[in-house]
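Asker: This is model-v1.csv, which holds CSV, C-alpha atoms:
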```
chain,number,residue,atom,x,y,z
J,1061,MET,CA,0.0,0.0,0.0
J,1062,SER,CA,1.1,3.5,-0.6
J,1063,LYS,CA,2.2,5.6,2.3
J,1064,ILE,CA,-0.4,8.1,3.5
J,1065,SER,CA,-0.6,10.6,6.3
J,1066,ALA,CA,-4.1,9.6,7.5
J,1067,ARG,CA,-3.9,7.7,10.8
J,1068,ASN,CA,-7.5,6.4,10.8
J,1069,GLN,CA,-7.0,3.2,8.8
J,1070,ILE,CA,-9.3,0.3,9.4
J,1071,LYS,CA,-9.0,-3.1,7.6
J,1072,GLY,CA,-12.3,-4.7,6.4
J,1073,LYS,CA,-14.1,-6.6,3.7
J,1074,VAL,CA,-16.6,-5.3,1.1
J,1075,GLN,CA,-20.0,-6.5,2.2
J,1076,SER,CA,-22.0,-5.0,-0.7
J,1077,ILE,CA,-21.9,-2.5,-3.6
J,1078,LYS,CA,-25.1,-0.7,-4.7
J,1079,LYS,CA,-24.7,0.9,-8.1
J,1080,GLY,CA,-26.0,4.4,-8.4
J,1081,ALA,CA,-26.5,6.9,-11.3
J,1082,VAL,CA,-23.4,8.9,-10.3
J,1083,THR,CA,-22.0,7.2,-7.1
J,1084,ASP,CA,-22.0,3.7,-5.8
J,1085,ILE,CA,-22.6,2.9,-2.1
J,1086,VAL,CA,-20.0,0.5,-0.7
J,1087,LYS,CA,-20.6,-1.2,2.6
J,1088,ILE,CA,-17.5,-2.5,4.4
J,1089,ASP,CA,-17.6,-4.9,7.3
J,1090,ILE,CA,-14.9,-4.0,9.9
J,1091,GLY,CA,-15.4,-6.9,12.3
J,1092,GLY,CA,-19.2,-6.8,12.9
J,1093,GLN,CA,-19.6,-3.1,12.3
J,1094,ILE,CA,-20.4,-1.6,8.9
J,1095,ILE,CA,-18.9,1.5,7.4
J,1096,THR,CA,-20.6,3.0,4.4
J,1097,SER,CA,-18.8,4.9,1.7
J,1098,SER,CA,-20.1,6.7,-1.3
J,1099,ILE,CA,-17.6,6.6,-4.2
J,1100,THR,CA,-17.8,7.0,-8.0
J,1101,GLY,CA,-18.5,3.9,-10.1
J,1102,GLU,CA,-15.3,4.7,-11.9
J,1103,ALA,CA,-13.4,4.3,-8.6
J,1104,VAL,CA,-15.2,1.0,-7.9
J,1105,GLU,CA,-14.0,-0.3,-11.3
J,1106,GLU,CA,-10.4,1.1,-10.9
J,1107,LEU,CA,-10.1,-0.5,-7.5
J,1108,ASP,CA,-11.7,-3.7,-8.8
J,1109,LEU,CA,-14.0,-3.8,-5.8
J,1110,LYS,CA,-16.2,-6.8,-5.4
J,1111,GLU,CA,-18.1,-8.4,-2.5
J,1112,GLY,CA,-15.5,-10.0,-0.3
J,1113,SER,CA,-12.6,-7.8,-1.4
J,1114,ALA,CA,-10.2,-7.0,1.4
J,1115,VAL,CA,-9.9,-3.2,1.7
J,1116,THR,CA,-8.5,-0.6,4.0
J,1117,VAL,CA,-11.0,2.2,5.0
J,1118,ILE,CA,-9.1,5.5,5.4
J,1119,ILE,CA,-10.9,8.2,7.3
J,1120,LYS,CA,-9.6,11.8,7.0
J,1121,SER,CA,-11.8,14.4,8.5
J,1122,SER,CA,-11.3,17.7,10.3
J,1123,ASP,CA,-14.6,17.4,12.1
J,1124,VAL,CA,-16.7,14.6,13.5
J,1125,LEU,CA,-20.2,15.8,14.5
J,1126,ILE,CA,-22.5,14.0,17.0
J,1127,ALA,CA,-26.1,15.0,17.7
J,1128,THR,CA,-28.9,13.8,20.0
J,1129,ASP,CA,-32.5,14.6,20.2
```
Just give me the structure of the file as structure tokens.
Answerer:
Amino acid sequence: MSKISARNQIKGKVQSIKKGAVTDIVKIDIGGQIITSSITGEAVEELDLKEGSAVTVIIKSSDVLIATD
């Protein structure tokens, strides 16, 4: 894997890919929890993503918001 500055890296497996008109919804199982990512269909093809593919989820964000009622 290429070196990257983001420290929030989580290994997982693609659970499902739902094709969309512009973006695809990719669900990744990270050990019983699911992370959902919206990426272009072109990226899905370039990464050769399929159900069961081993991937690394990389989270880079300046803000994480939490809300309650």
Asker: Leaving out Lys1078 of chain J and any residue of its chain fewer than 2 positions from it, which residues lie within 10 Å of it when counting all atoms listed in the file, given as a list in words?
Answerer: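 Within the cut-off, the hits are Ser1076, Gly1080, Thr1083, Asp1084, Ile1085, Val1086, Lys1087, Ser1098 and Gly1101 of chain J.
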Asker: So that I can check the surroundings of segment 1109-1125 of chain J, please list as JSON, numbers by chain every protein, DNA and RNA residue that reaches within 10 Å of it, counting all atoms listed in the file and ignoring chain neighbours fewer than 5 positions away.
Answerer: {"J": [1061, 1064, 1065, 1066, 1067, 1068, 1069, 1070, 1071, 1072, 1073, 1074, 1075, 1076, 1077, 1086, 1087, 1088, 1089, 1090, 1095, 1096, 1097, 1101, 1103, 1104]}
Asker: Quick one, how far is atom CA of Val1082 of chain J from atom CA of Thr1100 of chain J?
Answerer: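 Value for the atom CA of Val1082 of chain J-atom CA of Thr1100 of chain J distance: 6.3 Å.
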